[in-house]
Every structure is written in structure tokens, then in C-alpha cells.
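Text of the file data_8.txt, holding compact mmCIF, C-alpha atoms:
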```
# COMPACT_ATOMS: atom_id res chain seq x y z
CA MET P 771 -27.01 -86.19 -68.85
CA ARG P 772 -24.76 -85.63 -65.84
CA ILE P 773 -25.66 -88.21 -63.20
CA LEU P 774 -24.27 -88.47 -59.66
CA GLN P 775 -24.51 -91.87 -57.95
CA ILE P 776 -24.20 -92.06 -54.14
CA VAL P 777 -23.59 -95.34 -52.29
CA ASN P 778 -22.13 -96.34 -48.91
CA ILE P 779 -19.31 -98.56 -50.20
CA GLY P 780 -17.06 -97.77 -53.16
CA TYR P 781 -16.16 -101.31 -54.26
CA GLU P 782 -18.27 -104.30 -55.30
CA ALA P 783 -19.02 -105.59 -51.81
CA GLY P 784 -22.56 -106.74 -52.57
CA GLY P 785 -25.63 -106.35 -54.71
CA ALA P 786 -26.11 -102.61 -54.20
CA GLU P 787 -22.53 -101.83 -55.18
CA LYS P 788 -22.67 -104.18 -58.17
CA SER P 789 -25.80 -102.39 -59.33
CA VAL P 790 -24.10 -98.97 -59.03
CA ARG P 791 -21.11 -100.27 -61.00
CA LEU P 792 -23.40 -101.69 -63.70
CA ILE P 793 -25.35 -98.41 -63.94
CA THR P 794 -22.16 -96.35 -64.09
CA ASP P 795 -20.53 -98.45 -66.80
CA GLY P 796 -23.75 -98.86 -68.79
CA LEU P 797 -24.74 -95.20 -68.81
CA THR P 798 -21.18 -94.06 -69.53
CA ALA P 799 -21.19 -96.32 -72.58
CA ARG P 800 -24.43 -94.61 -73.66
CA GLY P 801 -22.77 -91.20 -73.59
CA HIS P 802 -23.81 -89.94 -70.17
CA ARG P 803 -21.34 -88.50 -67.71
CA VAL P 804 -21.53 -90.41 -64.44
CA GLU P 805 -19.62 -89.93 -61.18
CA VAL P 806 -19.87 -92.00 -58.00
CA VAL P 807 -19.57 -90.82 -54.40
CA ALA P 808 -18.93 -93.38 -51.64
CA THR P 809 -17.47 -93.45 -48.15
CA ASP P 810 -14.10 -95.01 -47.36
CA LEU P 811 -15.79 -97.74 -45.27
CA MET P 812 -13.73 -100.97 -45.55
CA ALA P 813 -12.01 -99.58 -48.64
CA ASP P 814 -8.51 -100.88 -47.92
CA GLY P 815 -7.38 -103.71 -50.15
CA HIS P 816 -10.26 -103.50 -52.62
CA GLU P 817 -10.57 -102.19 -56.17
CA ILE P 818 -12.41 -98.89 -55.76
CA PHE P 819 -14.71 -97.78 -58.58
CA ALA P 820 -15.97 -94.61 -56.85
CA ASP P 821 -14.72 -91.25 -58.09
CA HIS P 822 -14.98 -89.56 -54.69
CA LEU P 823 -14.47 -91.04 -51.20
CA VAL P 824 -15.93 -89.39 -48.10
CA PRO P 825 -14.62 -90.38 -44.64
CA SER P 826 -17.00 -92.84 -42.98
CA ILE P 827 -18.37 -92.26 -39.50
CA SER P 828 -15.78 -93.22 -36.88
CA GLY P 829 -14.56 -92.49 -33.37
CA SER P 830 -15.91 -93.21 -29.91
CA ALA P 831 -19.44 -94.47 -29.32
CA PRO P 832 -20.81 -90.98 -28.55
CA ARG P 833 -19.12 -89.55 -31.65
CA ARG P 834 -20.56 -92.34 -33.82
CA PHE P 835 -23.98 -91.85 -32.25
CA ALA P 836 -23.87 -88.17 -33.19
CA GLY P 837 -22.35 -88.92 -36.61
CA TYR P 838 -25.16 -91.21 -37.72
CA LEU P 839 -27.60 -88.45 -36.88
CA TRP P 840 -25.60 -85.80 -38.73
CA HIS P 841 -22.27 -86.41 -40.49
CA GLN P 842 -20.91 -82.90 -40.98
CA ARG P 843 -17.88 -83.88 -43.12
CA ALA P 844 -20.12 -85.86 -45.44
CA TYR P 845 -22.48 -82.91 -45.72
CA ARG P 846 -19.70 -80.49 -46.68
CA GLN P 847 -17.95 -82.80 -49.13
CA VAL P 848 -21.09 -84.04 -50.88
CA ARG P 849 -22.39 -80.48 -51.12
CA ASP P 850 -19.09 -79.37 -52.69
CA ILE P 851 -19.17 -82.28 -55.17
CA VAL P 852 -22.74 -81.41 -56.17
CA GLU P 853 -21.85 -77.75 -56.67
CA SER P 854 -18.80 -78.66 -58.75
CA PHE P 855 -20.31 -81.47 -60.84
CA ARG P 856 -23.77 -79.84 -61.22
CA PRO P 857 -25.63 -83.10 -61.94
CA ASP P 858 -28.87 -83.19 -63.89
CA CYS P 859 -29.92 -86.00 -61.57
CA VAL P 860 -28.71 -87.48 -58.28
CA HIS P 861 -29.30 -91.19 -57.74
CA LEU P 862 -29.07 -92.22 -54.08
CA HIS P 863 -28.53 -95.88 -53.14
CA THR P 864 -27.42 -97.16 -49.71
CA HIS P 865 -26.60 -94.04 -47.71
CA GLY P 866 -26.58 -94.76 -43.97
CA GLU P 867 -22.84 -94.07 -43.68
CA PHE P 868 -23.48 -90.53 -44.91
CA SER P 869 -26.28 -89.95 -42.34
CA PRO P 870 -29.36 -87.84 -43.20
CA ALA P 871 -26.87 -85.10 -44.09
CA VAL P 872 -26.58 -86.55 -47.59
CA LEU P 873 -30.21 -85.66 -48.28
CA SER P 874 -29.62 -82.07 -47.24
CA ALA P 875 -26.39 -81.87 -49.26
CA THR P 876 -28.17 -82.96 -52.46
CA ALA P 877 -31.32 -80.88 -51.94
CA GLY P 878 -32.30 -78.69 -54.87
CA ARG P 879 -31.34 -81.28 -57.52
CA PRO P 880 -33.67 -83.82 -59.16
CA ARG P 881 -33.24 -86.99 -57.09
CA LEU P 882 -34.12 -90.66 -57.11
CA LEU P 883 -33.49 -93.15 -54.33
CA THR P 884 -33.26 -96.91 -54.83
CA VAL P 885 -34.08 -98.94 -51.72
CA HIS P 886 -31.68 -101.91 -51.79
CA GLY P 887 -32.41 -103.20 -48.31
CA PRO P 888 -33.54 -102.25 -44.81
CA GLU P 889 -32.48 -98.68 -44.04
CA ASP P 890 -32.60 -96.62 -40.86
CA TRP P 891 -35.89 -95.05 -41.99
CA THR P 892 -37.81 -98.13 -43.23
CA LEU P 893 -40.29 -98.69 -40.38
CA ASN P 894 -41.57 -102.14 -41.43
CA LEU P 895 -37.99 -103.37 -41.90
CA LEU P 896 -36.33 -101.45 -39.07
CA ARG P 897 -35.62 -104.40 -36.78
CA TRP P 898 -33.50 -106.03 -39.50
CA ASN P 899 -30.85 -103.39 -38.87
CA LEU P 900 -30.23 -104.96 -35.45
CA ALA P 901 -27.71 -107.69 -34.66
CA SER P 902 -30.13 -109.78 -32.59
CA ALA P 903 -33.01 -109.58 -35.09
CA THR P 904 -32.82 -113.34 -35.69
CA ALA P 905 -32.25 -114.36 -32.06
CA ARG P 906 -34.79 -116.82 -30.71
CA GLY P 907 -35.10 -114.90 -27.46
CA GLY P 908 -35.97 -111.65 -29.22
CA LEU P 909 -33.99 -108.43 -29.32
CA SER P 910 -31.21 -107.94 -26.81
CA ALA P 911 -31.45 -105.09 -24.30
CA ALA P 912 -28.87 -103.11 -26.28
CA ASP P 913 -30.79 -103.65 -29.52
CA ARG P 914 -34.08 -102.67 -27.91
CA ALA P 915 -32.45 -99.38 -26.96
CA ARG P 916 -31.03 -99.01 -30.47
CA TYR P 917 -34.42 -99.77 -32.00
CA ALA P 918 -35.95 -96.96 -29.95
CA TYR P 919 -33.18 -94.63 -31.12
CA LEU P 920 -33.67 -95.61 -34.77
CA ARG P 921 -37.43 -95.32 -34.66
CA PHE P 922 -37.86 -92.15 -32.64
CA VAL P 923 -34.67 -90.19 -33.41
CA GLN P 924 -32.94 -91.42 -36.57
CA ARG P 925 -36.01 -92.25 -38.65
CA PRO P 926 -37.67 -88.83 -38.18
CA ALA P 927 -34.42 -87.14 -39.24
CA TYR P 928 -34.52 -89.08 -42.52
CA ARG P 929 -38.25 -88.78 -43.14
CA ALA P 930 -38.23 -85.00 -42.91
CA ARG P 931 -35.63 -84.89 -45.68
CA LEU P 932 -36.99 -87.76 -47.79
CA ARG P 933 -40.01 -85.65 -48.66
CA GLY P 934 -37.85 -83.77 -51.15
CA VAL P 935 -36.78 -86.90 -53.07
CA ASP P 936 -38.65 -86.97 -56.38
CA ARG P 937 -38.91 -90.72 -56.92
CA ILE P 938 -38.39 -93.93 -54.92
CA LEU P 939 -37.34 -97.06 -56.82
CA THR P 940 -37.52 -100.60 -55.42
CA PRO P 941 -36.30 -103.73 -57.23
CA SER P 942 -39.08 -105.89 -55.74
CA ARG P 943 -42.80 -105.50 -55.19
CA PHE P 944 -42.25 -106.63 -51.62
CA PHE P 945 -40.01 -103.65 -50.87
CA ALA P 946 -42.39 -101.25 -52.60
CA GLU P 947 -45.12 -102.38 -50.21
CA SER P 948 -42.72 -102.34 -47.25
CA VAL P 949 -41.70 -98.67 -47.66
CA ALA P 950 -45.21 -97.39 -48.34
CA ALA P 951 -45.54 -96.39 -44.68
CA ASP P 952 -42.43 -94.23 -45.04
CA VAL P 953 -42.72 -92.56 -48.46
CA GLY P 954 -46.25 -93.30 -49.66
CA THR P 955 -47.12 -94.98 -52.94
CA SER P 956 -47.54 -92.09 -55.37
CA ARG P 957 -43.80 -91.67 -56.07
CA THR P 958 -42.75 -95.31 -55.59
CA HIS P 959 -41.94 -97.40 -58.67
CA VAL P 960 -40.85 -101.04 -58.99
CA LEU P 961 -37.76 -101.37 -61.19
CA PRO P 962 -36.27 -104.91 -61.08
CA ASN P 963 -32.50 -104.99 -61.16
CA GLY P 964 -30.79 -105.85 -64.41
CA ILE P 965 -27.67 -107.91 -64.87
CA ALA P 966 -25.08 -107.95 -67.62
CA ARG P 967 -25.02 -111.14 -69.67
CA THR P 968 -21.90 -112.83 -68.34
CA ALA P 969 -22.99 -116.44 -68.71
CA MET P 970 -25.23 -118.63 -70.80
CA ALA P 971 -27.27 -121.55 -69.56
CA THR P 972 -25.03 -124.60 -69.63
CA PRO P 973 -25.76 -128.31 -69.22
CA LEU P 974 -25.63 -129.71 -65.71
CA ARG P 975 -22.21 -131.13 -64.87
CA ASP P 976 -23.22 -133.16 -61.81
CA ALA P 977 -26.27 -133.62 -59.62
CA GLY P 978 -24.77 -133.20 -56.16
CA HIS P 979 -23.14 -129.75 -55.88
CA VAL P 980 -24.90 -127.18 -53.66
CA LEU P 981 -23.75 -123.54 -53.80
CA TYR P 982 -24.20 -120.59 -51.45
CA VAL P 983 -22.96 -117.10 -52.41
CA GLY P 984 -23.27 -114.16 -50.02
CA ARG P 985 -22.17 -112.55 -46.79
CA LEU P 986 -21.43 -114.84 -43.87
CA GLU P 987 -23.72 -113.20 -41.35
CA GLN P 988 -26.54 -114.41 -39.13
CA VAL P 989 -29.33 -112.88 -41.20
CA LYS P 990 -28.20 -114.77 -44.31
CA GLY P 991 -29.11 -118.15 -42.80
CA VAL P 992 -25.76 -119.84 -43.47
CA ASP P 993 -25.99 -121.57 -40.07
CA VAL P 994 -29.32 -123.05 -41.15
CA LEU P 995 -27.87 -124.25 -44.45
CA LEU P 996 -24.82 -125.88 -42.86
CA ASP P 997 -26.97 -127.69 -40.29
CA ALA P 998 -29.38 -128.83 -43.00
CA PHE P 999 -26.50 -130.06 -45.10
CA ARG P 1000 -25.58 -132.61 -42.43
CA GLN P 1001 -28.93 -134.27 -43.16
CA VAL P 1002 -28.31 -133.96 -46.90
CA VAL P 1003 -24.97 -135.78 -46.67
CA ALA P 1004 -26.63 -138.59 -44.71
CA ALA P 1005 -29.00 -139.16 -47.65
CA HIS P 1006 -26.50 -138.26 -50.41
CA PRO P 1007 -22.98 -139.18 -49.22
CA GLY P 1008 -21.39 -137.71 -52.35
CA ALA P 1009 -23.04 -134.31 -52.01
CA ARG P 1010 -20.83 -131.21 -51.73
CA LEU P 1011 -21.51 -127.69 -50.45
CA THR P 1012 -19.47 -124.68 -51.54
CA VAL P 1013 -19.81 -121.52 -49.43
CA VAL P 1014 -18.64 -118.40 -51.28
CA GLY P 1015 -18.26 -115.13 -49.40
CA ASP P 1016 -16.83 -113.51 -46.31
CA GLY P 1017 -18.17 -111.86 -43.21
CA ALA P 1018 -18.17 -111.59 -39.45
CA ASP P 1019 -19.28 -115.20 -38.93
CA ARG P 1020 -16.75 -116.88 -41.22
CA ALA P 1021 -14.21 -117.95 -38.59
CA ARG P 1022 -16.91 -119.32 -36.31
CA LEU P 1023 -18.65 -121.22 -39.11
CA GLU P 1024 -15.40 -122.75 -40.31
CA ALA P 1025 -14.52 -123.87 -36.78
CA GLU P 1026 -17.95 -125.32 -36.04
CA HIS P 1027 -17.96 -127.29 -39.29
CA ALA P 1028 -14.35 -128.43 -39.31
CA GLU P 1029 -15.31 -132.10 -39.64
CA PRO P 1030 -17.31 -131.84 -42.91
CA ARG P 1031 -14.62 -129.46 -44.21
CA ALA P 1032 -11.91 -132.03 -43.50
CA ALA P 1033 -14.03 -134.70 -45.22
CA GLY P 1034 -14.34 -132.52 -48.35
CA GLN P 1035 -18.11 -132.19 -47.96
CA VAL P 1036 -18.06 -128.43 -47.27
CA THR P 1037 -15.69 -125.85 -48.77
CA PHE P 1038 -15.35 -122.19 -47.75
CA THR P 1039 -13.76 -120.14 -50.56
CA GLY P 1040 -13.84 -116.66 -49.06
CA TRP P 1041 -14.55 -113.62 -51.24
CA LEU P 1042 -14.29 -114.26 -54.99
CA THR P 1043 -14.27 -112.04 -58.07
CA ALA P 1044 -17.34 -111.80 -60.29
CA GLU P 1045 -15.71 -114.11 -62.83
CA GLN P 1046 -14.90 -116.70 -60.17
CA VAL P 1047 -18.45 -116.55 -58.80
CA ALA P 1048 -19.80 -117.15 -62.31
CA GLU P 1049 -17.60 -120.23 -62.58
CA ARG P 1050 -18.92 -121.59 -59.27
CA VAL P 1051 -22.53 -120.98 -60.33
CA ALA P 1052 -21.94 -122.79 -63.62
CA SER P 1053 -20.42 -125.80 -61.81
CA SER P 1054 -23.26 -126.05 -59.28
CA SER P 1055 -26.34 -128.24 -59.31
CA VAL P 1056 -28.51 -125.92 -57.22
CA VAL P 1057 -28.04 -122.43 -55.74
CA VAL P 1058 -29.36 -121.91 -52.20
CA LEU P 1059 -30.56 -118.63 -50.68
CA PRO P 1060 -31.43 -119.53 -47.05
CA SER P 1061 -31.93 -115.96 -45.82
CA LEU P 1062 -33.71 -115.18 -42.58
CA TRP P 1063 -34.16 -111.49 -43.33
CA PRO P 1064 -36.20 -109.97 -46.18
CA GLU P 1065 -33.93 -110.12 -49.20
CA ASN P 1066 -34.77 -107.54 -51.85
CA PHE P 1067 -33.54 -108.74 -55.25
CA PRO P 1068 -30.20 -110.54 -54.75
CA THR P 1069 -27.69 -110.52 -57.58
CA VAL P 1070 -26.76 -114.16 -57.06
CA ALA P 1071 -30.35 -115.14 -57.90
CA LEU P 1072 -30.09 -113.29 -61.21
CA GLU P 1073 -26.76 -115.03 -61.85
CA ALA P 1074 -28.40 -118.40 -61.18
CA LEU P 1075 -31.15 -117.56 -63.68
CA GLN P 1076 -28.58 -116.70 -66.34
CA ALA P 1077 -26.67 -119.93 -65.79
CA GLY P 1078 -29.85 -121.98 -65.87
CA ARG P 1079 -29.56 -123.29 -62.33
CA PRO P 1080 -32.49 -124.18 -60.05
CA MET P 1081 -32.74 -122.44 -56.69
CA VAL P 1082 -33.88 -123.33 -53.20
CA ALA P 1083 -34.77 -120.10 -51.39
CA SER P 1084 -36.46 -118.85 -48.26
CA ARG P 1085 -40.03 -117.68 -48.67
CA VAL P 1086 -39.16 -114.15 -47.59
CA GLY P 1087 -38.79 -110.64 -49.04
CA GLY P 1088 -38.52 -110.47 -52.81
CA LEU P 1089 -37.28 -114.06 -53.25
CA PRO P 1090 -40.74 -115.45 -54.19
CA GLU P 1091 -40.68 -113.01 -57.14
CA LEU P 1092 -37.59 -114.81 -58.46
CA VAL P 1093 -38.23 -118.44 -57.48
CA GLY P 1094 -41.34 -120.48 -58.21
CA ASP P 1095 -42.45 -124.01 -59.00
CA ASP P 1096 -41.01 -123.67 -62.50
CA ASN P 1097 -37.42 -123.09 -61.38
CA GLY P 1098 -36.98 -124.18 -57.78
CA VAL P 1099 -38.38 -124.64 -54.29
CA LEU P 1100 -39.38 -122.12 -51.62
CA VAL P 1101 -38.94 -123.05 -47.94
CA THR P 1102 -39.79 -121.54 -44.58
CA PRO P 1103 -36.93 -119.31 -43.39
CA GLY P 1104 -34.97 -120.88 -40.55
CA ASP P 1105 -36.46 -124.36 -40.97
CA ARG P 1106 -33.45 -126.70 -41.24
CA ASP P 1107 -35.53 -129.83 -41.78
CA GLU P 1108 -37.58 -128.32 -44.58
CA LEU P 1109 -34.45 -127.00 -46.27
CA ALA P 1110 -32.83 -130.44 -46.05
CA ARG P 1111 -35.95 -132.10 -47.51
CA ALA P 1112 -35.99 -129.62 -50.41
CA LEU P 1113 -32.35 -130.31 -51.24
CA ASN P 1114 -32.75 -134.07 -50.84
CA GLY P 1115 -35.65 -133.93 -53.27
CA LEU P 1116 -33.43 -132.35 -55.94
CA LEU P 1117 -29.95 -133.82 -55.58
CA GLY P 1118 -29.23 -136.96 -57.52
CA ARG P 1119 -32.12 -136.28 -59.93
CA PRO P 1120 -30.49 -134.82 -63.07
CA GLU P 1121 -33.68 -134.74 -65.13
CA LEU P 1122 -35.55 -132.73 -62.48
CA LEU P 1123 -32.58 -130.40 -61.99
CA ALA P 1124 -32.36 -129.86 -65.75
CA ARG P 1125 -36.09 -129.07 -66.01
CA LEU P 1126 -35.96 -126.55 -63.18
CA GLY P 1127 -32.75 -125.11 -64.62
CA ALA P 1128 -34.55 -124.53 -67.91
CA GLY P 1129 -37.20 -122.66 -65.95
CA SER P 1130 -34.52 -120.39 -64.52
CA ALA P 1131 -33.03 -119.77 -67.97
CA ALA P 1132 -36.50 -118.86 -69.29
CA ARG P 1133 -36.84 -116.20 -66.57
CA ALA P 1134 -33.39 -114.66 -67.18
CA GLY P 1135 -34.49 -112.49 -70.11
CA ARG P 1136 -36.74 -110.43 -67.86
CA TYR P 1137 -33.67 -108.91 -66.22
CA ASP P 1138 -31.66 -107.94 -69.29
CA VAL P 1139 -29.30 -105.04 -68.59
CA ALA P 1140 -30.36 -103.07 -71.68
CA THR P 1141 -34.00 -103.10 -70.61
CA PHE P 1142 -33.01 -102.08 -67.08
CA LEU P 1143 -30.93 -99.14 -68.34
CA ASP P 1144 -33.69 -98.05 -70.76
CA LEU P 1145 -36.18 -97.85 -67.89
CA LEU P 1146 -33.69 -96.12 -65.62
CA GLU P 1147 -32.96 -93.49 -68.25
CA HIS P 1148 -36.71 -92.92 -68.54
CA HIS P 1149 -36.95 -92.28 -64.78
CA TYR P 1150 -33.96 -89.89 -64.94
CA GLU P 1151 -35.52 -87.95 -67.80
CA GLU P 1152 -38.88 -87.63 -66.06
CA VAL P 1153 -37.50 -86.36 -62.73
CA SER P 1154 -35.08 -84.03 -64.49
CA ALA P 1155 -37.87 -82.56 -66.55
```
Represent the supplied structure as C-alpha cells.
Amino acid sequence: MRILQIVNIGYEAGGAEKSVRLITDGLTARGHRVEVVATDLMADGHEIFADHLVPSISGSAPRRFAGYLWHQRAYRQVRDIVESFRPDCVHLHTHGEFSPAVLSATAGRPRLLTVHGPEDWTLNLLRWNLASATARGGLSAADRARYAYLRFVQRPAYRARLRGVDRILTPSRFFAESVAADVGTSRTHVLPNGIARTAMATPLRDAGHVLYVGRLEQVKGVDVLLDAFRQVVAAHPGARLTVVGDGADRARLEAEHAEPRAAGQVTFTGWLTAEQVAERVASSSVVVLPSLWPENFPTVALEALQAGRPMVASRVGGLPELVGDDNGVLVTPGDRDELARALNGLLGRPELLARLGAGSAARAGRYDVATFLDLLEHHYEEVSA
């Protein structure tokens, strides 16, 4: 088959991009011809895996406002790529940087869309696209105005064009239920993400190493984790926290937690390669996902399962589908004290950590990459037929 993948970012910035890379490499190895279209958003300095780059939306505020409603250059270029490549199936992933124009540009071809996270058309998740979504005082005045724009202008522009998409895929049951108001249930299918086997479950090396992997942004709950870790260190003076990732909040977080950094209790590594992340996961005692927003099916959780590491995660989004009593602890999102208690109950207890790690390893087989690709091929064949 000839398969066209479309995603906002053309390098492995996060889970959605890693999934596109895995699909591209896996299906190419199976004899399919796969090409990837992305925008040039934040492309400088990164290893690009996309075959085609479309200019991202830029310019003054009015020009960006108009661009997110209709990105004419994206429409023309994606349409030309579709006409040239003539795909048997188009697989849409994150697509906000293309605007609704990408749906018009791919019309007439069999299409699937995987919902990786809150999009500009997902009504029940719409507020999570706003910077002040986690603010205690509620949405800012600017974000209230943007919410109105998204709900009453942007969302209708998407919904009118989404009707032509043949199938909607969601990695988690939570997201399938969340988008039902937007696309209905008849064409929505849950397809959990797969992950290539890059690590095997290994014995625990120590009982005091906490690991966070992800973007350094407000919605990820890194503030909550760092505050909770102050309580953890008081109970476990030898405990260490490694924060892997980059983002808009990195400089602020590093400055606010300079003292535990200087004491060697907290380490910020910045962005790491997949191989380096796997090494950090293997050396950890517990992986923490303290998100405030509804995570879908984060890759780092699948990596923790492979490595046989217990997890402490927020009880939000799709995380309860990956973490249970057999392999970790679920906590209330944003509750620093509860997060600290959960970590204190695990650290320094190697037997408990090993038992929960074995529970993670037992779950890992459910997300084998071969099974994921088999099911994806089945969806491609059905919509193409």
C-alpha cells in the first residue's frame, strides 16, 4: 500500500511523532511505501524524519489568527503531495499547524485520524489547549476570548470537514469517550499505541531514584513533582530526582530549585535521545507521570513497562489504563502531599519496588509493536476497501 502520514512536527519531539516514526519504519519494513508530511515548526537543529516540510503558520497576530482558520500554503502543498503520491490511505495525526485546510487537501482519499491529545475541535478537551487551563483562578481574560474563538469559530471549521474522515483511532478508552461528542462512536476505534522492544526488564539497581520524562510545561505537573520531592528528601535524604526533557518552563524550574540541584538531589538533563532515555528509565527506581491535563497514552509509560519499572501517575486521562495496583500508584492530579506520600511509600523498599516492577513487565506484552502494526494494517485495508 501507499500510505501518507501527516503530523505537525517532523522530528521526534514527543509521543505523537515517535508513533509516526515507528509506523513509518515498521510499515516500510513490511513492504509498504510510506511518506510523511510535517510542518517546519521548530525544525532547526533536529533530525528530521519527514519527507515533506510545509511552512508553519507565522507572522503577526492577525495573520496567525487567519492562518489557524485556513492555512492556504498548507492546503496547496498538501494537495500537490497527495496528487503526486496518490496514497491508498492518508493517516492524519496532530494537524493543528496545518489548520482545517489539511482536511480539505486530503479529501477524496481513504483517511484515518489518530487523536493523540486535545485538538482544536475536541469539545470536552478544548480548555486544555489554553495556557491558563491549570491556573487556580480559572482562565485568563485572553484565554476566555481564545476559548470562545476555538469553540465557536475554529471547532466548527474542523467539524464540517471531519465528517469525511473514514475512521477515528484513539490510543485510550478515555479519549474515545472524550471525542464522542465531536465524531460520534460508530467510526471510533480504540487502538493502543505499540512500542518497539528496546529494553528488557532489568533488576532494580537502587531504591531511591525517581525519574520524570516529558515536556517542561505547566500541564505536565513538573512543579507539583518538584514541590513534592522536597517532602520526599526530608523522609529519604538519599533520594534523587532526574528530570528529563525541555520546554518553556525549564529555566524557571531550574532557577526555583537551584538549592536541591546544587545539593545533587535534583538533576535536569534537558532533551535526550531515545537511547539515553532508555538508559535513564533502566537506572530508575520509579517513573513519575504527575500530569495535570488528560494524558492519552504516553510513550514514557510504555517504556517504563518494558523496563519493568513501577509508576506513580496522576489519576487522569488514559493513565489509569496503564497504571494499577499491580504496577504502581495513582494519585490525585495536582496534590503535592499525596504524590509525596506515594513516593515515600515506595522508596527504600526494594522488595515492593521489585514486585510492582514485575507487574509493569507483565503488562508490557500488550503493547508489542508487531501487534500494533498488524491492527493498523487491518484498519488501513478496511478503509481503503
- Task: Fewer than 6 positions away in the same chain doesn't count, so skip those; otherwise give me all residues within 7 Å of range 1124-1131 of chain P, counting all atoms listed in the file, as a PyMOL selection string.
- Result: chain P and resi 971+974+1075-1080+1096-1098
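Relative to CA of Leu1089 in chain P, CA of Ala1071 in chain P is found at 8.4 Å.
Take CA of Asp821 in chain P and CA of Gln842 in chain P: the distance between them is 20.0 Å.
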- Item | Residues within 6 Å of Val1058 in chain P, all atoms listed in the file, excluding chain neighbours under 4 positions, as a PyMOL selection string | chain P and resi 982+1081-1083
- Message: Show me the residues around (-38.2, -121.3, -46.5) - criterion: an atom at most 8 Å away, all atoms listed in the file counted - as a ChimeraX atom specification.
- Response: /P:1060,1083-1086,1100-1105,1108-1109
- Message: List as a VMD selection string the protein and nucleic acid residues near range 778-781 of chain P, meaning an atom at most 12 Å away when only C-alpha atoms are counted, but skip any in the same chain fewer than 3 places from it.
- Response: chain P and resid 775 784 to 792 805 to 827 844 862 to 869 872 886 889 1043
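Nearest residue to Leu995 in chain P among P:Met970, P:Val1057, P:Ala1110, P:Leu939 is P:Ala1110, counting only C-alpha atoms.
Proximity to Ala1052 in chain P was assessed for P:Gln988, P:Thr1039, P:Thr972, P:Asn899 counting all atoms listed in the file; the smallest distance is recorded for P:Thr972.
Of the residues listed (P:Asp1019, P:Glu1029, P:Glu1049, P:Glu1091), P:Glu1091 shows the shortest atom-to-atom separation from Pro1068 in chain P; distances use all atoms listed in the file.
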- Task: Excluding Ala912 in chain P and any residue of its chain fewer than 6 positions from it, enumerate the residues within 12 Å of it, using all atoms listed in the file, and give them as a PyMOL selection string.
- Result: chain P and resi 900-903+918-919
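Relative to CA of Gly837 in chain P, CA of Asp913 in chain P is found at 18.4 Å.
For the residues P:Val953, P:Ala1140, P:Val1056, P:Val1047, ranking by smallest atom-to-atom distance to Arg925 in chain P using all atoms listed in the file places P:Val953 first.
Nearest to Glu1073 in chain P of all the residues P:Asn894, P:Asn963, P:Thr968, P:Ser948 is P:Thr968, based on only C-alpha atoms.
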- Message: Restricting the calculation to only C-alpha atoms: of P:Leu909, P:Leu932, P:Val1013, P:Ala1155, which residue gets closest to Arg957 in chain P?
- Response: P:Leu932
Would you mind listing, for every residue of range 926-1014 of chain P within 12 Å of range 854-860 of chain P, the two atoms forming the shortest contact and the distance between them in Å to one decimal, using all atoms listed in the file, sorted by chain and ascending residue number, as CSV?
```
residue,atom,partner,partner_atom,distance
P:Val935,CA,P:Val860,CA,9.6
P:Asp936,CA,P:Val860,CA,10.1
P:Arg937,CA,P:Val860,CA,10.8
```
- Message: Just want the 12 Å neighbourhood of Gly801 in chain P, counted on only C-alpha atoms, with same-chain residues fewer than 6 positions away dropped. Output as a PyMOL selection string.
- Response: chain P and resi 771-773+794-795+1147
Could you save the residues just selected, with C-alpha atoms, as a tab-separated table (two decimals), in the coordinates of the input?
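Output file selection-v1.tsv is given in full below:
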```tsv
chain	number	residue	atom	x	y	z
P	771	MET	CA	-27.01	-86.19	-68.85
P	772	ARG	CA	-24.76	-85.63	-65.84
P	773	ILE	CA	-25.66	-88.21	-63.20
P	794	THR	CA	-22.16	-96.35	-64.09
P	795	ASP	CA	-20.53	-98.45	-66.80
P	1147	GLU	CA	-32.96	-93.49	-68.25
```
Take every atom of range 988-1007 of chain P listed in the file, pad by 3 Å on each side, and give me the axis-aligned box centre and edge lengths in Å, one decimal, as lines of an AutoDock Vina configuration file.
```
center_x = -26.2
center_y = -126.0
center_z = -44.8
size_x = 12.4
size_y = 32.3
size_z = 17.3
```
Once you count only C-alpha atoms, what closest atom pair and distance in Å to one decimal does each residue of range 901-1002 of chain P within 10 Å of range 1033-1036 of chain P have, with rows by chain and rising residue number, as CSV?
```
residue,atom,partner,partner_atom,distance
P:His979,CA,P:Gln1035,CA,9.7
P:Val980,CA,P:Val1036,CA,9.4
P:Leu981,CA,P:Val1036,CA,9.9
P:Leu996,CA,P:Val1036,CA,8.5
P:Phe999,CA,P:Val1036,CA,8.9
P:Arg1000,CA,P:Gln1035,CA,9.3
```
